[in-house]
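Colleague: Just upload_26.cif, nothing more (mmCIF, C-alpha atoms):
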```
data_coords
#
loop_
_atom_site.label_atom_id
_atom_site.label_comp_id
_atom_site.auth_asym_id
_atom_site.auth_seq_id
_atom_site.Cartn_x
_atom_site.Cartn_y
_atom_site.Cartn_z
CA MET A 1 -17.52 59.13 100.59
CA ALA A 2 -13.73 59.34 100.51
CA HIS A 3 -12.01 58.69 97.16
CA ALA A 4 -10.08 55.74 98.66
CA LYS A 5 -13.37 54.15 99.79
CA LEU A 6 -14.97 54.83 96.42
CA ALA A 7 -12.14 52.96 94.68
CA ASP A 8 -12.73 49.84 96.83
CA PRO A 9 -10.63 47.13 95.12
CA GLN A 10 -13.32 44.49 95.78
CA CYS A 11 -16.08 46.30 93.88
CA THR A 12 -16.24 46.09 90.10
CA ILE A 13 -18.49 49.15 89.97
CA ALA A 14 -16.72 51.39 92.50
CA ARG A 15 -13.29 51.13 90.87
CA PRO A 16 -14.45 52.20 87.38
CA ALA A 17 -16.66 54.89 88.98
CA ALA A 18 -13.57 56.35 90.64
CA LEU A 19 -11.95 56.67 87.21
CA LEU A 20 -14.96 57.62 85.09
CA GLY A 21 -17.12 59.46 87.62
CA GLU A 22 -15.74 62.91 86.93
CA ARG A 23 -17.92 64.61 84.29
CA TRP A 24 -15.07 65.81 82.08
CA THR A 25 -13.73 62.26 81.81
CA LEU A 26 -16.98 60.93 80.35
CA LEU A 27 -17.25 63.88 77.96
CA LEU A 28 -13.64 63.37 76.93
CA LEU A 29 -14.37 59.71 76.17
CA ARG A 30 -17.45 60.76 74.18
CA GLN A 31 -15.19 62.93 72.02
CA VAL A 32 -12.67 60.12 71.55
CA PHE A 33 -15.44 57.78 70.39
CA LEU A 34 -16.65 60.50 68.01
CA GLY A 35 -13.16 60.60 66.47
CA THR A 36 -11.41 63.48 68.23
CA ARG A 37 -7.71 62.77 68.78
CA ARG A 38 -5.78 66.00 69.19
CA PHE A 39 -5.48 68.22 72.25
CA GLU A 40 -6.61 71.41 70.50
CA ASP A 41 -9.58 69.63 68.96
CA PHE A 42 -10.68 68.33 72.38
CA GLN A 43 -10.37 71.80 73.81
CA THR A 44 -12.42 73.37 71.02
CA ALA A 45 -15.13 70.68 70.99
CA MET A 46 -15.54 70.62 74.77
CA ASP A 47 -14.77 74.19 75.82
CA ILE A 48 -12.56 72.76 78.57
CA SER A 49 -9.62 74.45 80.26
CA ARG A 50 -6.12 73.36 79.23
CA SER A 51 -5.25 72.32 82.78
CA VAL A 52 -8.33 70.11 83.26
CA LEU A 53 -7.90 68.58 79.79
CA THR A 54 -4.21 67.86 80.46
CA GLU A 55 -5.06 66.23 83.78
CA ARG A 56 -7.88 64.08 82.39
CA LEU A 57 -5.88 62.92 79.36
CA ALA A 58 -2.91 62.03 81.58
CA GLU A 59 -5.16 60.03 83.90
CA LEU A 60 -6.68 58.07 81.01
CA VAL A 61 -3.20 57.39 79.60
CA ASP A 62 -1.92 56.30 83.03
CA GLU A 63 -4.90 53.94 83.39
CA GLY A 64 -4.26 52.43 79.96
CA VAL A 65 -7.54 53.67 78.44
CA LEU A 66 -5.77 55.96 75.95
CA ARG A 67 -2.29 55.95 74.46
CA ARG A 68 -0.30 58.88 73.15
CA VAL A 69 0.88 58.60 69.55
CA ALA A 70 3.36 61.11 68.13
CA TYR A 71 2.64 62.91 64.88
CA LYS A 72 4.57 65.62 63.04
CA ASP A 73 3.13 69.07 62.55
CA ALA A 74 5.49 72.05 62.69
CA ARG A 75 6.84 70.17 65.72
CA THR A 76 6.22 66.77 67.28
CA ARG A 77 2.80 66.61 68.92
CA TYR A 78 0.63 63.80 70.20
CA GLU A 79 -2.71 62.27 69.37
CA TYR A 80 -4.71 60.29 71.89
CA ARG A 81 -6.04 56.95 70.73
CA LEU A 82 -8.08 54.28 72.43
CA THR A 83 -6.37 51.12 73.65
CA ASP A 84 -8.18 47.78 73.81
CA LYS A 85 -9.12 48.71 77.39
CA GLY A 86 -10.52 52.01 76.12
CA ARG A 87 -12.45 50.45 73.23
CA ALA A 88 -14.03 48.07 75.75
CA LEU A 89 -15.77 51.14 77.25
CA TYR A 90 -17.91 51.54 74.11
CA PRO A 91 -20.86 49.51 75.44
CA VAL A 92 -20.72 51.52 78.69
CA MET A 93 -20.89 54.79 76.76
CA MET A 94 -23.72 53.47 74.59
CA ALA A 95 -25.68 52.34 77.66
CA LEU A 96 -25.26 55.80 79.18
CA ARG A 97 -26.36 57.38 75.89
CA ASP A 98 -29.41 55.08 75.66
CA TRP A 99 -30.40 55.96 79.23
CA GLY A 100 -29.94 59.68 78.57
CA SER A 101 -31.99 59.50 75.36
CA GLU A 102 -34.83 57.77 77.20
CA TRP A 103 -34.89 59.62 80.52
CA MET A 104 -33.17 62.98 79.90
CA PRO A 105 -33.62 63.73 76.19
CA PRO A 106 -32.28 67.03 74.86
CA VAL A 107 -35.02 69.61 74.29
CA ASP A 108 -33.91 70.22 70.68
CA GLY A 109 -33.29 66.55 69.93
CA PRO A 110 -30.00 64.63 69.88
CA SER A 111 -26.85 66.40 68.72
CA PHE A 112 -25.78 63.31 66.77
CA GLU A 113 -27.08 59.90 65.76
CA LEU A 114 -25.25 56.61 65.41
CA HIS A 115 -25.83 54.12 62.61
CA HIS A 116 -24.38 50.73 61.72
CA ARG A 117 -21.94 51.25 58.81
CA ASP A 118 -23.11 48.12 56.98
CA CYS A 119 -26.92 48.34 57.11
CA GLY A 120 -27.67 51.83 58.46
CA GLY A 121 -29.61 50.58 61.49
CA GLY A 122 -29.57 52.42 64.80
CA VAL A 123 -27.20 51.59 67.65
CA HIS A 124 -28.06 50.72 71.26
CA ALA A 125 -26.52 48.88 74.19
CA LYS A 126 -27.72 45.39 75.08
CA VAL A 127 -27.26 43.29 78.22
CA GLU A 128 -27.51 39.59 77.51
CA CYS A 129 -27.05 36.24 79.19
CA THR A 130 -23.70 34.62 78.42
CA GLY A 131 -25.39 31.20 78.47
CA CYS A 132 -28.43 31.57 76.21
CA GLY A 133 -28.01 35.03 74.67
CA GLU A 134 -31.39 36.30 75.96
CA GLU A 135 -31.59 40.07 76.50
CA LEU A 136 -31.84 40.83 80.23
CA THR A 137 -33.17 43.52 82.54
CA ALA A 138 -32.37 43.96 86.25
CA ARG A 139 -35.45 41.85 87.09
CA ASP A 140 -34.00 38.87 85.21
CA VAL A 141 -30.78 38.71 87.22
CA ARG A 142 -30.03 37.35 90.69
CA VAL A 143 -27.00 38.37 92.72
CA THR A 144 -24.66 35.84 94.30
CA THR A 145 -21.44 36.30 96.24
CA PRO A 146 -18.40 34.16 95.50
CA ASN A 147 -17.10 31.87 98.23
CA ARG A 148 -13.80 33.30 99.44
CA ALA A 149 -11.33 31.09 101.24
#
```
Starting from the file, give its structure as structure tokens.

Modeller:
Amino acid sequence: MAHAKLADPQCTIARPAALLGERWTLLLLRQVFLGTRRFEDFQTAMDISRSVLTERLAELVDEGVLRRVAYKDARTRYEYRLTDKGRALYPVMMALRDWGSEWMPPVDGPSFELHHRDCGGGVHAKVECTGCGEELTARDVRVTTPNRA
């Protein structure tokens, strides 16, 4: 499928898939959510080439998922921090992590665990009804199409 078709402006799944569908982008976001902010730290943690990292960071900045923030070292450099749009991807990343833990678990166990800061409980994604708050699965949902004039 052509990239232009994949980014169909009428589909709320295709457009994000066009942005997030490249594997380095998801791994880069994983690192951001784990607290990585600096170019060299991304490169070390991910074993990614400078050119691919530069391209992916620029794309996420252009899309408003990350913002560049200057800091002083020996010279001015930049950190990459999540915007509100970027932080809104957290449930998506957690849903992907939950799915991976269930259906494609690492042989040696998870490389990290997530716990609620306040009570220490585990973390998982949840899909719920906006009306009653009930947790939903795909079987609980029906699809409708909006009337377009």

Colleague: Hey, what's within 10 Å of stretch 87-97 of chain A if we count all atoms listed in the file and toss same-chain stuff fewer than 6 positions away? As a list in words, please?

Modeller: Leu26, Leu27, Leu29, Arg30, Val32, Phe33, Val65, Leu66, Arg81, Trp103, Met104, Pro105, Leu114, Val123, His124, Ala125, Lys126 and Val127 of chain A

Colleague: For the residues in that selection, give me C-alpha atoms as a compact mmCIF listing (two decimals), in the frame of the given file.

Modeller:
```txt
# COMPACT_ATOMS: atom_id res chain seq x y z
CA LEU A 26 -16.98 60.93 80.35
CA LEU A 27 -17.25 63.88 77.96
CA LEU A 29 -14.37 59.71 76.17
CA ARG A 30 -17.45 60.76 74.18
CA VAL A 32 -12.67 60.12 71.55
CA PHE A 33 -15.44 57.78 70.39
CA VAL A 65 -7.54 53.67 78.44
CA LEU A 66 -5.77 55.96 75.95
CA ARG A 81 -6.04 56.95 70.73
CA TRP A 103 -34.89 59.62 80.52
CA MET A 104 -33.17 62.98 79.90
CA PRO A 105 -33.62 63.73 76.19
CA LEU A 114 -25.25 56.61 65.41
CA VAL A 123 -27.20 51.59 67.65
CA HIS A 124 -28.06 50.72 71.26
CA ALA A 125 -26.52 48.88 74.19
CA LYS A 126 -27.72 45.39 75.08
CA VAL A 127 -27.26 43.29 78.22
```

Colleague: Could you list as a short mmCIF file (atom, residue, chain, number, x, y, z; two decimals) with C-alpha atoms, keeping the file's coordinate frame every residue that has an atom within 12 Å of (-33.3, 43.9, 81.3), using the file's coordinates and counting only C-alpha atoms?

Modeller:
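Listing of result_34.cif after writing:
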```
data_model
loop_
_atom_site.label_atom_id
_atom_site.label_comp_id
_atom_site.auth_asym_id
_atom_site.auth_seq_id
_atom_site.Cartn_x
_atom_site.Cartn_y
_atom_site.Cartn_z
CA ALA A 95 -25.68 52.34 77.66
CA ALA A 125 -26.52 48.88 74.19
CA LYS A 126 -27.72 45.39 75.08
CA VAL A 127 -27.26 43.29 78.22
CA GLU A 128 -27.51 39.59 77.51
CA CYS A 129 -27.05 36.24 79.19
CA GLU A 134 -31.39 36.30 75.96
CA GLU A 135 -31.59 40.07 76.50
CA LEU A 136 -31.84 40.83 80.23
CA THR A 137 -33.17 43.52 82.54
CA ALA A 138 -32.37 43.96 86.25
CA ARG A 139 -35.45 41.85 87.09
CA ASP A 140 -34.00 38.87 85.21
CA VAL A 141 -30.78 38.71 87.22
CA ARG A 142 -30.03 37.35 90.69
#
```

Colleague: Please report the interatomic distance between atom CA of A:His115 and atom CA of A:Arg56 in Å with one decimal.

Modeller: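 Distance between the two atoms: 28.5 Å.
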
Colleague: Just the number, please: distance in Å from atom CA of A:Glu55 to atom CA of A:Phe112, one decimal.

Modeller: 27.0 Å

Colleague: Work out how far atom CA of A:Thr25 is from atom CA of A:Leu53, in Å to one decimal.

Modeller: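 For atom CA of A:Leu53 relative to atom CA of A:Thr25, the distance reads 8.8 Å.
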
Colleague: Which is closer to A:Arg38 than all the others in A:Asp98, A:Glu22, A:Glu79, A:Asp62, using only C-alpha atoms?

Modeller: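 Between A:Asp98, A:Glu22, A:Glu79, A:Asp62, the residue approaching A:Arg38 most closely is A:Glu79.
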
Colleague: From the list A:Ala70, A:Gly100, A:Gly86, A:Leu57, which residue is nearest A:Pro16 when using all atoms listed in the file?

Modeller: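 Among the listed residues, the smallest separation from A:Pro16 belongs to A:Gly86.
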
Colleague: Quick one: what's the axis-aligned box for stretch 123-135 of chain A, all listed atoms, 4 Å on every side, centre and edges in Å to one decimal, as lines of an AutoDock Vina configuration file?

Modeller:
```
center_x = -27.6
center_y = 41.4
center_z = 73.4
size_x = 15.9
size_y = 28.4
size_z = 19.5
```

Colleague: Give me the residues near A:Val69 as number ranges by chain, where near means some atom within 12 Å (using only C-alpha atoms) and where sequence neighbours in that chain fewer than 4 positions away do not count.

Modeller: A: 37-39, 61, 76-83

Colleague: Might you pull out every residue within 10 Å of A:Ala45, with all atoms listed in the file counted and same-chain residues fewer than 6 positions away left off, and present them as an NGL selection string?

Modeller: :A and (27-28 or 31 or 36)

Colleague: So which one's closest to A:Val52, A:Arg75, A:Trp24, A:Gly133, A:Gly121? Using all atoms listed in the file, please.

Modeller: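 Among the listed residues, the smallest separation from A:Val52 belongs to A:Trp24.
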